[in-house]
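Report on the following structure.
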Amino acid sequence: MNSLEQHDPEILDLIRQEEVRQKNKVRLIASENYVSAAVMAATGSVLTNKYSEGYPGKRYYEGQQFIDQVENLAIHRAKELFGAEHVNVQPYSGSPANLAVYFAFLNPGDTILGMALPHGGHLTHGAKVSISGKFFQAESYSLDEKTGLLNYDSIHEKALSCRPRILIAGHSAYPRILDFARFREIADACGSLLLVDMAHFSGLVAGGAHPSPVPYADVITTTTHKSLRGPRGAMIFCKQEHAAAIDKAVFPGLQGGPHNNTTAAIAVALKEAATSEFKQYAAQIVKNAQVLAAALTDQGFNLVTGGTENHLMLIDLTNKGVTGKIAAKALDQAGIVLNYNAVPFDPRKPFDPSGIRLGTAAVTSRGFGAEEMVRIGEWIGKVVAAPDDNSLQTRIREDVATLCAAFPAPGLEHLH
Ligand SMILES: *Cc1c(COP(=O)(O)O)cnc(C)c1O
């Protein structure tokens, strides 16, 4: 940071302010986390200077003596940790990873079937505004209106009627464990490839707190920066029979040179994720989510599906007479950062929906446990009950900062 001080104090100042924000606020955004100082160091290394189009041993540029070893380590660790036959660690992020999978197996106009965006699916699973919805025949399945749960019989029916080339399991906002065996059965009945997008919960899979899709899926995509607690990037796992198609689709199909600094940071994160501490971390994420869910339910909050089995929960605020956006903005003022989110069958618009989404991956990284979850639940209750009360928000923001000061976040220890 010394060089930034000399060369660009304007950017340095903004980075410092963001550090303080991340240090002092309770971060409940379900897709975010705190990486370790080691992951950060690899991300900020000279590996960013190197071009290495191709794969280890088959590059288009010279000077790969060390880059090949970095990528091979990342590959080795990823395969070991997840028990997968093949992995590609080069996708720039989760969205390009999914696009590469489509490019590997689909022609324009082919059918994909994924979870509807307003029900918890991702943009890249066939949303109309996304390239995945424009270039392919995108069909979607919905949640059960009464329970908010996946209805596997209706997914089966839908898949039989539209015969997707790719059936997608995975989500950005579904608080329950997925039944991969059942998805496999449906894919087999329809002659579909099964793609599992575990972007959100791959850290739980790595730590043994969520069943693994590896025995069931043909292809698995994941981001590396959510519950897995690595740098912003992605990986694609697949059976050996699809390895060549996937690798060709990532490069030269979709991307140019891999981001080697990110690859190194992924390797570091994978080493961390293979430890017993990470196993405890993954289990604690789920415990914390369940304690927070119970604390919120006690205060009359309406949780979609009635609770959670993973790291996230969705609250339908309709009974509280507050919209998701108003609640999220008031909570941010009170030092509790989350996002407004559509709930299944939301009568409101996506930009102004009825719910909020909360996740416990980041707060668990800084060492929060059950006691802190209960306090956070109480704060959320107070703020949502009086979203216009600025002095309440100020008081809670101070309490939040005091709590955070007692739990140094990974990567931000130097501020404590
Ligand atoms: C976050 C997410 C992605 C996309 O990841 P980006 O890195 O933001 O492109 C893809 N799929 C799912 C299910 C996600 O939650």
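Following the order of the structure tokens, first chain is A, next is B, and so on, with residues numbered from 1 inside each chain and ligands from 1 in the order they appear.
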**Item:** Site check for ligand 1: residues at most 9 Å away, only C-alpha atoms and all ligand atoms, as a PyMOL selection string
**Value:** chain A and resi 31+92-98+120-125+169-173+196-201+221-226+232-234
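Those residues that approach Ala361 in chain A to within 9 Å, counting only C-alpha atoms, are Arg27, Leu28, Ile29, Ala30, Ser31, Glu32, Asn33, Tyr34, Gly203, Lys226, Ser227, Leu228, Arg229, Tyr281, Ala282, Gln284, Ile285, Val286, Asn288, Ala289, His311 and Leu312 of chain A; same-chain residues fewer than 5 positions away are not listed.
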Each range 117-185 of chain A residue no farther than 10 Å from range 332-347 of chain A, nearest pair in Å, only C-alpha atoms, as a Markdown table:
| residue | atom | partner | partner_atom | distance |
| --- | --- | --- | --- | --- |
| A:Leu117 | CA | A:Ala342 | CA | 9.0 |
| A:Pro118 | CA | A:Ala342 | CA | 5.8 |
| A:His119 | CA | A:Pro344 | CA | 4.8 |
| A:Gly120 | CA | A:Pro344 | CA | 7.7 |
| A:Ser142 | CA | A:Pro344 | CA | 8.1 |
| A:Leu143 | CA | A:Pro344 | CA | 6.9 |
| A:Asp144 | CA | A:Pro344 | CA | 8.5 |
| A:Glu145 | CA | A:Phe345 | CA | 7.0 |
| A:Lys146 | CA | A:Pro344 | CA | 9.9 |
| A:Thr147 | CA | A:Pro344 | CA | 9.9 |
| A:Gly148 | CA | A:Pro344 | CA | 6.7 |
| A:Leu149 | CA | A:Pro344 | CA | 9.6 |
| A:Ala173 | CA | A:Asn341 | CA | 8.5 |
| A:Tyr174 | CA | A:Pro344 | CA | 9.9 |
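Of note, CA of Leu204 in chain A and CA of Arg176 in chain A are spaced 12.3 Å apart.
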**Message:** Calculated over only C-alpha atoms, which of the candidates A:Cys190, A:Leu303, A:Val89, A:Ala100 has the smallest distance to Met235 in chain A?
**Reply:**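 Of the candidates, the smallest distance to Met235 in chain A is held by A:Val89.
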**Request:** Tell me which protein, DNA and RNA residues are within 9 Å of Ile67 in chain A, counting only C-alpha atoms, leaving out same-chain ones fewer than 3 positions away, and put them as a PyMOL selection string.
**Result:** chain A and resi 47+50+52+56+63-64+70-72+260+264
Name the residues of range 78-267 of chain A that come out as helix (DSSP H, G or I) in a backbone DSSP run; write them as a JSON list (two decimals) with N, CA and C atoms, in the first residue's frame.
[["chain", "number", "residue", "atom", "x", "y", "z"],
["A", 78, "ALA", "N", -7.99, -28.79, -6.10],
["A", 78, "ALA", "CA", -9.44, -28.77, -6.36],
["A", 78, "ALA", "C", -9.97, -30.19, -6.54],
["A", 79, "LYS", "N", -9.23, -31.01, -7.31],
["A", 79, "LYS", "CA", -9.68, -32.39, -7.54],
["A", 79, "LYS", "C", -9.69, -33.19, -6.24],
["A", 80, "GLU", "N", -8.63, -33.00, -5.42],
["A", 80, "GLU", "CA", -8.56, -33.70, -4.14],
["A", 80, "GLU", "C", -9.71, -33.30, -3.22],
["A", 81, "LEU", "N", -9.90, -31.99, -3.09],
["A", 81, "LEU", "CA", -10.88, -31.48, -2.13],
["A", 81, "LEU", "C", -12.30, -31.92, -2.48],
["A", 82, "PHE", "N", -12.64, -31.88, -3.78],
["A", 82, "PHE", "CA", -14.02, -32.19, -4.17],
["A", 82, "PHE", "C", -14.17, -33.61, -4.71],
["A", 94, "GLY", "N", -18.19, -16.65, -12.07],
["A", 94, "GLY", "CA", -19.27, -17.64, -12.18],
["A", 94, "GLY", "C", -20.07, -17.53, -13.46],
["A", 95, "SER", "N", -20.35, -16.33, -13.90],
["A", 95, "SER", "CA", -21.16, -16.16, -15.11],
["A", 95, "SER", "C", -20.45, -16.69, -16.35],
["A", 96, "PRO", "N", -19.17, -16.31, -16.60],
["A", 96, "PRO", "CA", -18.46, -16.91, -17.72],
["A", 96, "PRO", "C", -18.30, -18.43, -17.59],
["A", 97, "ALA", "N", -18.22, -18.95, -16.38],
["A", 97, "ALA", "CA", -18.12, -20.41, -16.22],
["A", 97, "ALA", "C", -19.38, -21.08, -16.77],
["A", 98, "ASN", "N", -20.54, -20.53, -16.42],
["A", 98, "ASN", "CA", -21.78, -21.11, -16.93],
["A", 98, "ASN", "C", -21.87, -20.97, -18.45],
["A", 99, "LEU", "N", -21.45, -19.81, -18.95],
["A", 99, "LEU", "CA", -21.49, -19.60, -20.39],
["A", 99, "LEU", "C", -20.58, -20.60, -21.11],
["A", 100, "ALA", "N", -19.43, -20.90, -20.52],
["A", 100, "ALA", "CA", -18.51, -21.87, -21.12],
["A", 100, "ALA", "C", -19.17, -23.25, -21.18],
["A", 101, "VAL", "N", -19.91, -23.62, -20.14],
["A", 101, "VAL", "CA", -20.60, -24.92, -20.15],
["A", 101, "VAL", "C", -21.64, -24.95, -21.28],
["A", 102, "TYR", "N", -22.37, -23.86, -21.45],
["A", 102, "TYR", "CA", -23.36, -23.83, -22.53],
["A", 102, "TYR", "C", -22.65, -23.92, -23.88],
["A", 103, "PHE", "N", -21.54, -23.22, -24.01],
["A", 103, "PHE", "CA", -20.80, -23.22, -25.27],
["A", 103, "PHE", "C", -20.25, -24.62, -25.57],
["A", 104, "ALA", "N", -19.93, -25.36, -24.52],
["A", 104, "ALA", "CA", -19.39, -26.71, -24.71],
["A", 104, "ALA", "C", -20.43, -27.69, -25.25],
["A", 105, "PHE", "N", -21.69, -27.50, -24.85],
["A", 105, "PHE", "CA", -22.68, -28.55, -25.14],
["A", 105, "PHE", "C", -23.87, -28.11, -25.98],
["A", 117, "LEU", "N", -35.58, -17.21, -12.12],
["A", 117, "LEU", "CA", -34.84, -16.15, -11.42],
["A", 117, "LEU", "C", -35.58, -15.62, -10.19],
["A", 118, "PRO", "N", -36.88, -15.26, -10.31],
["A", 118, "PRO", "CA", -37.56, -14.73, -9.12],
["A", 118, "PRO", "C", -37.79, -15.78, -8.03],
["A", 119, "HIS", "N", -37.48, -17.05, -8.33],
["A", 119, "HIS", "CA", -37.65, -18.10, -7.32],
["A", 119, "HIS", "C", -36.31, -18.52, -6.71],
["A", 123, "LEU", "N", -29.28, -15.36, -12.92],
["A", 123, "LEU", "CA", -29.43, -14.74, -14.25],
["A", 123, "LEU", "C", -28.96, -15.68, -15.36],
["A", 124, "THR", "N", -27.81, -16.33, -15.13],
["A", 124, "THR", "CA", -27.20, -17.17, -16.16],
["A", 124, "THR", "C", -27.90, -18.52, -16.34],
["A", 125, "HIS", "N", -28.99, -18.74, -15.61],
["A", 125, "HIS", "CA", -29.74, -19.99, -15.75],
["A", 125, "HIS", "C", -30.89, -19.83, -16.74],
["A", 131, "ILE", "N", -27.69, -13.39, -21.68],
["A", 131, "ILE", "CA", -27.33, -14.08, -22.92],
["A", 131, "ILE", "C", -27.86, -15.53, -22.87],
["A", 132, "SER", "N", -27.94, -16.09, -21.66],
["A", 132, "SER", "CA", -28.42, -17.47, -21.52],
["A", 132, "SER", "C", -29.90, -17.60, -21.88],
["A", 133, "GLY", "N", -30.64, -16.49, -21.75],
["A", 133, "GLY", "CA", -32.05, -16.51, -22.11],
["A", 133, "GLY", "C", -32.29, -16.04, -23.54],
["A", 134, "LYS", "N", -31.32, -15.32, -24.10],
["A", 134, "LYS", "CA", -31.49, -14.78, -25.45],
["A", 134, "LYS", "C", -31.03, -15.78, -26.51],
["A", 152, "TYR", "N", -40.09, -31.65, -6.83],
["A", 152, "TYR", "CA", -39.33, -32.46, -7.79],
["A", 152, "TYR", "C", -40.25, -33.14, -8.80],
["A", 153, "ASP", "N", -41.47, -33.47, -8.39],
["A", 153, "ASP", "CA", -42.40, -34.08, -9.35],
["A", 153, "ASP", "C", -42.72, -33.09, -10.47],
["A", 154, "SER", "N", -42.90, -31.84, -10.10],
["A", 154, "SER", "CA", -43.24, -30.87, -11.15],
["A", 154, "SER", "C", -42.02, -30.53, -12.01],
["A", 155, "ILE", "N", -40.82, -30.57, -11.43],
["A", 155, "ILE", "CA", -39.61, -30.38, -12.25],
["A", 155, "ILE", "C", -39.51, -31.54, -13.25],
["A", 156, "HIS", "N", -39.81, -32.73, -12.78],
["A", 156, "HIS", "CA", -39.76, -33.93, -13.64],
["A", 156, "HIS", "C", -40.73, -33.78, -14.81],
["A", 157, "GLU", "N", -41.94, -33.36, -14.49],
["A", 157, "GLU", "CA", -42.97, -33.17, -15.53],
["A", 157, "GLU", "C", -42.53, -32.14, -16.57],
["A", 158, "LYS", "N", -42.03, -31.01, -16.03],
["A", 158, "LYS", "CA", -41.58, -29.92, -16.90],
["A", 158, "LYS", "C", -40.44, -30.41, -17.81],
["A", 159, "ALA", "N", -39.51, -31.16, -17.22],
["A", 159, "ALA", "CA", -38.36, -31.64, -17.99],
["A", 159, "ALA", "C", -38.80, -32.62, -19.06],
["A", 160, "LEU", "N", -39.79, -33.47, -18.73],
["A", 160, "LEU", "CA", -40.29, -34.41, -19.73],
["A", 160, "LEU", "C", -40.96, -33.69, -20.88],
["A", 161, "SER", "N", -41.60, -32.57, -20.58],
["A", 161, "SER", "CA", -42.31, -31.87, -21.65],
["A", 161, "SER", "C", -41.37, -31.01, -22.50],
["A", 162, "CYS", "N", -40.31, -30.44, -21.91],
["A", 162, "CYS", "CA", -39.45, -29.57, -22.74],
["A", 162, "CYS", "C", -38.13, -30.23, -23.14],
["A", 180, "PHE", "N", -29.67, -34.03, -5.10],
["A", 180, "PHE", "CA", -28.96, -34.27, -6.37],
["A", 180, "PHE", "C", -29.32, -35.60, -7.00],
["A", 181, "ALA", "N", -29.61, -36.61, -6.16],
["A", 181, "ALA", "CA", -29.99, -37.92, -6.71],
["A", 181, "ALA", "C", -31.26, -37.78, -7.53],
["A", 182, "ARG", "N", -32.18, -36.96, -7.00],
["A", 182, "ARG", "CA", -33.46, -36.78, -7.70],
["A", 182, "ARG", "C", -33.25, -36.01, -9.01],
["A", 183, "PHE", "N", -32.39, -34.99, -8.97],
["A", 183, "PHE", "CA", -32.09, -34.25, -10.20],
["A", 183, "PHE", "C", -31.47, -35.18, -11.25],
["A", 184, "ARG", "N", -30.59, -36.10, -10.79],
["A", 184, "ARG", "CA", -29.95, -37.07, -11.70],
["A", 184, "ARG", "C", -31.00, -37.94, -12.39],
["A", 185, "GLU", "N", -31.95, -38.40, -11.55],
["A", 185, "GLU", "CA", -33.03, -39.25, -12.06],
["A", 185, "GLU", "C", -33.80, -38.53, -13.16],
["A", 186, "ILE", "N", -34.11, -37.26, -12.89],
["A", 186, "ILE", "CA", -34.89, -36.47, -13.86],
["A", 186, "ILE", "C", -34.08, -36.28, -15.14],
["A", 187, "ALA", "N", -32.80, -35.95, -14.98],
["A", 187, "ALA", "CA", -31.94, -35.75, -16.15],
["A", 187, "ALA", "C", -31.88, -37.03, -16.98],
["A", 188, "ASP", "N", -31.74, -38.18, -16.32],
["A", 188, "ASP", "CA", -31.66, -39.45, -17.04],
["A", 188, "ASP", "C", -32.97, -39.75, -17.77],
["A", 189, "ALA", "N", -34.08, -39.45, -17.11],
["A", 189, "ALA", "CA", -35.38, -39.74, -17.73],
["A", 189, "ALA", "C", -35.60, -38.92, -18.99],
["A", 190, "CYS", "N", -34.90, -37.77, -19.09],
["A", 190, "CYS", "CA", -35.12, -36.86, -20.22],
["A", 190, "CYS", "C", -33.93, -36.80, -21.16],
["A", 202, "SER", "N", -20.61, -23.99, -2.38],
["A", 202, "SER", "CA", -19.45, -24.88, -2.57],
["A", 202, "SER", "C", -18.56, -24.94, -1.33],
["A", 203, "GLY", "N", -18.53, -23.88, -0.54],
["A", 203, "GLY", "CA", -17.77, -23.92, 0.71],
["A", 203, "GLY", "C", -18.37, -24.92, 1.68],
["A", 204, "LEU", "N", -19.69, -25.01, 1.68],
["A", 204, "LEU", "CA", -20.35, -25.99, 2.55],
["A", 204, "LEU", "C", -20.05, -27.41, 2.06],
["A", 205, "VAL", "N", -20.03, -27.59, 0.74],
["A", 205, "VAL", "CA", -19.69, -28.90, 0.18],
["A", 205, "VAL", "C", -18.25, -29.26, 0.56],
["A", 206, "ALA", "N", -17.34, -28.31, 0.38],
["A", 206, "ALA", "CA", -15.93, -28.55, 0.69],
["A", 206, "ALA", "C", -15.75, -28.94, 2.16],
["A", 240, "GLN", "N", -14.52, -37.13, -16.65],
["A", 240, "GLN", "CA", -13.41, -37.17, -17.61],
["A", 240, "GLN", "C", -13.90, -37.11, -19.06],
["A", 241, "GLU", "N", -15.03, -37.74, -19.32],
["A", 241, "GLU", "CA", -15.51, -37.79, -20.72],
["A", 241, "GLU", "C", -15.82, -36.39, -21.28],
["A", 242, "HIS", "N", -16.08, -35.42, -20.39],
["A", 242, "HIS", "CA", -16.40, -34.07, -20.86],
["A", 242, "HIS", "C", -15.21, -33.11, -20.75],
["A", 243, "ALA", "N", -14.06, -33.62, -20.27],
["A", 243, "ALA", "CA", -12.93, -32.74, -19.97],
["A", 243, "ALA", "C", -12.48, -31.93, -21.19],
["A", 244, "ALA", "N", -12.32, -32.59, -22.33],
["A", 244, "ALA", "CA", -11.83, -31.89, -23.52],
["A", 244, "ALA", "C", -12.82, -30.82, -23.97],
["A", 245, "ALA", "N", -14.11, -31.15, -23.93],
["A", 245, "ALA", "CA", -15.14, -30.19, -24.37],
["A", 245, "ALA", "C", -15.14, -28.96, -23.47],
["A", 246, "ILE", "N", -15.03, -29.18, -22.16],
["A", 246, "ILE", "CA", -15.05, -28.05, -21.22],
["A", 246, "ILE", "C", -13.81, -27.19, -21.41],
["A", 247, "ASP", "N", -12.64, -27.83, -21.48],
["A", 247, "ASP", "CA", -11.41, -27.04, -21.61],
["A", 247, "ASP", "C", -11.41, -26.22, -22.91],
["A", 248, "LYS", "N", -11.85, -26.84, -24.00],
["A", 248, "LYS", "CA", -11.91, -26.12, -25.28],
["A", 248, "LYS", "C", -12.89, -24.94, -25.23],
["A", 249, "ALA", "N", -13.98, -25.14, -24.49],
["A", 249, "ALA", "CA", -14.99, -24.08, -24.41],
["A", 249, "ALA", "C", -14.48, -22.88, -23.61],
["A", 250, "VAL", "N", -13.70, -23.16, -22.54],
["A", 250, "VAL", "CA", -13.16, -22.04, -21.73],
["A", 250, "VAL", "C", -12.08, -21.31, -22.54],
["A", 251, "PHE", "N", -11.12, -22.07, -23.05],
["A", 251, "PHE", "CA", -10.09, -21.51, -23.93],
["A", 251, "PHE", "C", -9.83, -22.48, -25.06],
["A", 252, "PRO", "N", -9.90, -22.10, -26.30],
["A", 252, "PRO", "CA", -10.06, -20.74, -26.83],
["A", 252, "PRO", "C", -11.50, -20.29, -27.05],
["A", 253, "GLY", "N", -12.47, -21.11, -26.60],
["A", 253, "GLY", "CA", -13.87, -20.81, -26.92],
["A", 253, "GLY", "C", -14.36, -19.47, -26.42],
["A", 254, "LEU", "N", -14.14, -19.23, -25.13],
["A", 254, "LEU", "CA", -14.77, -18.05, -24.52],
["A", 254, "LEU", "C", -13.76, -17.02, -24.03],
["A", 260, "ASN", "N", -3.65, -15.40, -13.76],
["A", 260, "ASN", "CA", -2.78, -16.28, -12.98],
["A", 260, "ASN", "C", -2.71, -15.89, -11.50],
["A", 261, "ASN", "N", -2.84, -14.62, -11.22],
["A", 261, "ASN", "CA", -2.85, -14.20, -9.81],
["A", 261, "ASN", "C", -4.08, -14.79, -9.11],
["A", 262, "THR", "N", -5.20, -14.83, -9.84],
["A", 262, "THR", "CA", -6.41, -15.43, -9.28],
["A", 262, "THR", "C", -6.24, -16.93, -9.12],
["A", 263, "THR", "N", -5.64, -17.58, -10.13],
["A", 263, "THR", "CA", -5.41, -19.03, -10.04],
["A", 263, "THR", "C", -4.60, -19.36, -8.79],
["A", 264, "ALA", "N", -3.55, -18.57, -8.52],
["A", 264, "ALA", "CA", -2.72, -18.81, -7.34],
["A", 264, "ALA", "C", -3.55, -18.62, -6.07],
["A", 265, "ALA", "N", -4.37, -17.58, -6.05],
["A", 265, "ALA", "CA", -5.19, -17.32, -4.86],
["A", 265, "ALA", "C", -6.23, -18.42, -4.67],
["A", 266, "ILE", "N", -6.74, -18.97, -5.78],
["A", 266, "ILE", "CA", -7.67, -20.12, -5.68],
["A", 266, "ILE", "C", -6.93, -21.29, -5.03],
["A", 267, "ALA", "N", -5.69, -21.53, -5.46],
["A", 267, "ALA", "CA", -4.91, -22.63, -4.87],
["A", 267, "ALA", "C", -4.75, -22.43, -3.36]]
**Message:** Residues near Thr394 in chain A, anyone? I mean within 12 Å using only C-alpha atoms, not counting same-chain ones fewer than 2 positions away, as a PyMOL selection string.
**Reply:** chain A and resi 330-336+379+383+387-392+396-401
What would the file look like if the residues just selected were written as a short mmCIF file (atom, residue, chain, number, x, y, z; two decimals), in the first residue's frame with all heavy atoms?
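For reference, result12.cif as written:
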data_model
loop_
_atom_site.label_atom_id
_atom_site.label_comp_id
_atom_site.auth_asym_id
_atom_site.auth_seq_id
_atom_site.Cartn_x
_atom_site.Cartn_y
_atom_site.Cartn_z
N ALA A 330 -32.57 0.81 5.53
CA ALA A 330 -32.57 1.15 6.96
C ALA A 330 -31.53 0.31 7.70
O ALA A 330 -30.78 0.82 8.55
CB ALA A 330 -33.97 0.93 7.55
N LEU A 331 -31.45 -0.98 7.36
CA LEU A 331 -30.48 -1.86 8.03
C LEU A 331 -29.05 -1.44 7.70
O LEU A 331 -28.17 -1.48 8.56
CB LEU A 331 -30.73 -3.32 7.62
CG LEU A 331 -31.95 -3.96 8.30
CD1 LEU A 331 -32.41 -5.22 7.57
CD2 LEU A 331 -31.65 -4.29 9.77
N ASP A 332 -28.81 -1.02 6.46
CA ASP A 332 -27.47 -0.57 6.09
C ASP A 332 -27.08 0.64 6.95
O ASP A 332 -25.94 0.75 7.42
CB ASP A 332 -27.41 -0.22 4.60
CG ASP A 332 -25.98 0.06 4.14
OD1 ASP A 332 -25.08 -0.71 4.52
OD2 ASP A 332 -25.76 1.04 3.41
N GLN A 333 -28.03 1.55 7.17
CA GLN A 333 -27.78 2.70 8.04
C GLN A 333 -27.43 2.25 9.47
O GLN A 333 -26.71 2.93 10.17
CB GLN A 333 -29.02 3.61 8.10
CG GLN A 333 -29.23 4.45 6.84
CD GLN A 333 -28.02 5.32 6.54
OE1 GLN A 333 -27.51 6.04 7.40
NE2 GLN A 333 -27.51 5.23 5.31
N ALA A 334 -27.97 1.10 9.85
CA ALA A 334 -27.72 0.58 11.20
C ALA A 334 -26.50 -0.35 11.23
O ALA A 334 -26.27 -1.05 12.22
CB ALA A 334 -28.96 -0.15 11.71
N GLY A 335 -25.74 -0.39 10.14
CA GLY A 335 -24.51 -1.19 10.13
C GLY A 335 -24.72 -2.66 9.81
O GLY A 335 -23.81 -3.47 10.00
N ILE A 336 -25.90 -3.00 9.33
CA ILE A 336 -26.19 -4.40 8.98
C ILE A 336 -26.46 -4.44 7.48
O ILE A 336 -27.46 -3.91 7.01
CB ILE A 336 -27.40 -4.93 9.78
CG1 ILE A 336 -27.05 -4.93 11.28
CG2 ILE A 336 -27.81 -6.32 9.31
CD1 ILE A 336 -28.23 -5.19 12.19
N TRP A 379 -31.46 -6.84 16.60
CA TRP A 379 -31.24 -5.55 15.93
C TRP A 379 -32.08 -5.45 14.65
O TRP A 379 -32.71 -4.42 14.38
CB TRP A 379 -29.76 -5.38 15.58
CG TRP A 379 -28.88 -5.05 16.75
CD1 TRP A 379 -29.23 -4.32 17.85
CD2 TRP A 379 -27.50 -5.42 16.93
NE1 TRP A 379 -28.16 -4.22 18.70
CE2 TRP A 379 -27.09 -4.87 18.17
CE3 TRP A 379 -26.58 -6.16 16.19
CZ2 TRP A 379 -25.79 -5.03 18.67
CZ3 TRP A 379 -25.29 -6.31 16.68
CH2 TRP A 379 -24.90 -5.76 17.90
N VAL A 383 -34.88 -2.50 13.84
CA VAL A 383 -34.73 -1.58 12.70
C VAL A 383 -35.91 -1.72 11.74
O VAL A 383 -36.47 -0.72 11.27
CB VAL A 383 -33.40 -1.84 11.95
CG1 VAL A 383 -33.33 -1.02 10.67
CG2 VAL A 383 -32.22 -1.51 12.86
N PRO A 387 -38.36 1.68 10.41
CA PRO A 387 -37.34 1.95 9.38
C PRO A 387 -37.04 3.44 9.19
O PRO A 387 -36.05 3.77 8.54
CB PRO A 387 -37.94 1.33 8.11
CG PRO A 387 -39.40 1.22 8.37
CD PRO A 387 -39.59 1.07 9.84
N ASP A 388 -37.86 4.33 9.76
CA ASP A 388 -37.60 5.77 9.62
C ASP A 388 -36.85 6.35 10.82
O ASP A 388 -36.55 7.55 10.85
CB ASP A 388 -38.91 6.54 9.45
CG ASP A 388 -39.64 6.13 8.20
OD1 ASP A 388 -38.94 5.81 7.21
OD2 ASP A 388 -40.89 6.11 8.21
N ASP A 389 -36.58 5.52 11.81
CA ASP A 389 -35.99 6.02 13.05
C ASP A 389 -34.47 6.16 12.92
O ASP A 389 -33.72 5.22 13.20
CB ASP A 389 -36.37 5.07 14.20
CG ASP A 389 -35.99 5.64 15.57
OD1 ASP A 389 -35.10 6.52 15.63
OD2 ASP A 389 -36.56 5.18 16.58
N ASN A 390 -34.02 7.35 12.53
CA ASN A 390 -32.58 7.56 12.28
C ASN A 390 -31.75 7.45 13.54
O ASN A 390 -30.61 6.97 13.50
CB ASN A 390 -32.35 8.93 11.64
CG ASN A 390 -32.89 8.97 10.23
OD1 ASN A 390 -32.88 7.96 9.53
ND2 ASN A 390 -33.40 10.11 9.82
N SER A 391 -32.29 7.89 14.68
CA SER A 391 -31.46 7.85 15.89
C SER A 391 -31.31 6.41 16.37
O SER A 391 -30.26 6.03 16.88
CB SER A 391 -32.02 8.77 16.98
OG SER A 391 -33.27 8.30 17.41
N LEU A 392 -32.33 5.59 16.17
CA LEU A 392 -32.22 4.16 16.48
C LEU A 392 -31.12 3.54 15.61
O LEU A 392 -30.27 2.78 16.09
CB LEU A 392 -33.56 3.45 16.21
CG LEU A 392 -33.53 1.92 16.34
CD1 LEU A 392 -33.50 1.50 17.80
CD2 LEU A 392 -34.73 1.26 15.64
N ILE A 396 -27.73 1.67 16.95
CA ILE A 396 -27.43 0.27 16.62
C ILE A 396 -26.12 0.20 15.83
O ILE A 396 -25.31 -0.70 16.04
CB ILE A 396 -28.61 -0.39 15.89
CG1 ILE A 396 -29.78 -0.55 16.87
CG2 ILE A 396 -28.20 -1.74 15.29
CD1 ILE A 396 -31.02 -1.19 16.32
N ARG A 397 -25.89 1.18 14.94
CA ARG A 397 -24.64 1.18 14.17
C ARG A 397 -23.43 1.22 15.10
O ARG A 397 -22.42 0.57 14.85
CB ARG A 397 -24.62 2.37 13.20
CG ARG A 397 -23.44 2.35 12.25
CD ARG A 397 -23.62 3.33 11.10
NE ARG A 397 -23.56 4.71 11.55
CZ ARG A 397 -24.49 5.64 11.32
NH1 ARG A 397 -25.57 5.33 10.63
NH2 ARG A 397 -24.35 6.86 11.77
N GLU A 398 -23.55 1.96 16.19
CA GLU A 398 -22.46 2.02 17.17
C GLU A 398 -22.29 0.70 17.90
O GLU A 398 -21.17 0.22 18.10
CB GLU A 398 -22.69 3.18 18.16
CG GLU A 398 -22.37 4.53 17.52
CD GLU A 398 -23.00 5.72 18.24
OE1 GLU A 398 -23.58 5.53 19.35
OE2 GLU A 398 -22.92 6.83 17.68
N ASP A 399 -23.42 0.08 18.28
CA ASP A 399 -23.35 -1.24 18.94
C ASP A 399 -22.75 -2.28 18.00
O ASP A 399 -21.97 -3.14 18.42
CB ASP A 399 -24.75 -1.68 19.39
CG ASP A 399 -25.26 -0.88 20.58
OD1 ASP A 399 -24.44 -0.16 21.20
OD2 ASP A 399 -26.47 -0.95 20.87
N VAL A 400 -23.14 -2.20 16.72
CA VAL A 400 -22.62 -3.14 15.72
C VAL A 400 -21.09 -2.98 15.62
O VAL A 400 -20.35 -3.97 15.63
CB VAL A 400 -23.28 -2.90 14.34
CG1 VAL A 400 -22.48 -3.55 13.21
CG2 VAL A 400 -24.71 -3.43 14.33
N ALA A 401 -20.62 -1.74 15.56
CA ALA A 401 -19.18 -1.49 15.44
C ALA A 401 -18.43 -2.01 16.67
O ALA A 401 -17.34 -2.57 16.56
CB ALA A 401 -18.91 -0.01 15.23
#
**Prompt:** Quick one, how far is CA of Ala74 in chain A from CA of Ile220 in chain A?
**Reply:**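 Taking CA of Ala74 in chain A as the start and CA of Ile220 in chain A as the end point, the length is 16.5 Å.
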Name the residues in contact with Asn107 in chain A at a cut-off of 10 Å, using only C-alpha atoms, excluding same-chain residues fewer than 5 positions from it; report them as a PDB file with N, CA, C and O atoms, in the first residue's frame.
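Saved to out.pdb:
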ATOM      1  N   TYR A 102     -22.369 -23.863 -21.446  1.00  0.00           N
ATOM      2  CA  TYR A 102     -23.357 -23.827 -22.533  1.00  0.00           C
ATOM      3  C   TYR A 102     -22.650 -23.920 -23.880  1.00  0.00           C
ATOM      4  O   TYR A 102     -23.090 -24.623 -24.786  1.00  0.00           O
ATOM      5  N   PHE A 135     -29.939 -16.489 -26.247  1.00  0.00           N
ATOM      6  CA  PHE A 135     -29.357 -17.376 -27.270  1.00  0.00           C
ATOM      7  C   PHE A 135     -29.891 -18.804 -27.191  1.00  0.00           C
ATOM      8  O   PHE A 135     -29.718 -19.585 -28.099  1.00  0.00           O
ATOM      9  N   PHE A 136     -30.531 -19.137 -26.064  1.00  0.00           N
ATOM     10  CA  PHE A 136     -31.034 -20.498 -25.907  1.00  0.00           C
ATOM     11  C   PHE A 136     -32.525 -20.465 -25.609  1.00  0.00           C
ATOM     12  O   PHE A 136     -33.065 -19.434 -25.218  1.00  0.00           O
ATOM     13  N   ARG A 165     -31.596 -29.959 -23.152  1.00  0.00           N
ATOM     14  CA  ARG A 165     -30.258 -30.541 -23.362  1.00  0.00           C
ATOM     15  C   ARG A 165     -29.488 -30.481 -22.041  1.00  0.00           C
ATOM     16  O   ARG A 165     -28.739 -31.367 -21.715  1.00  0.00           O
TER      17      ARG A 165
END
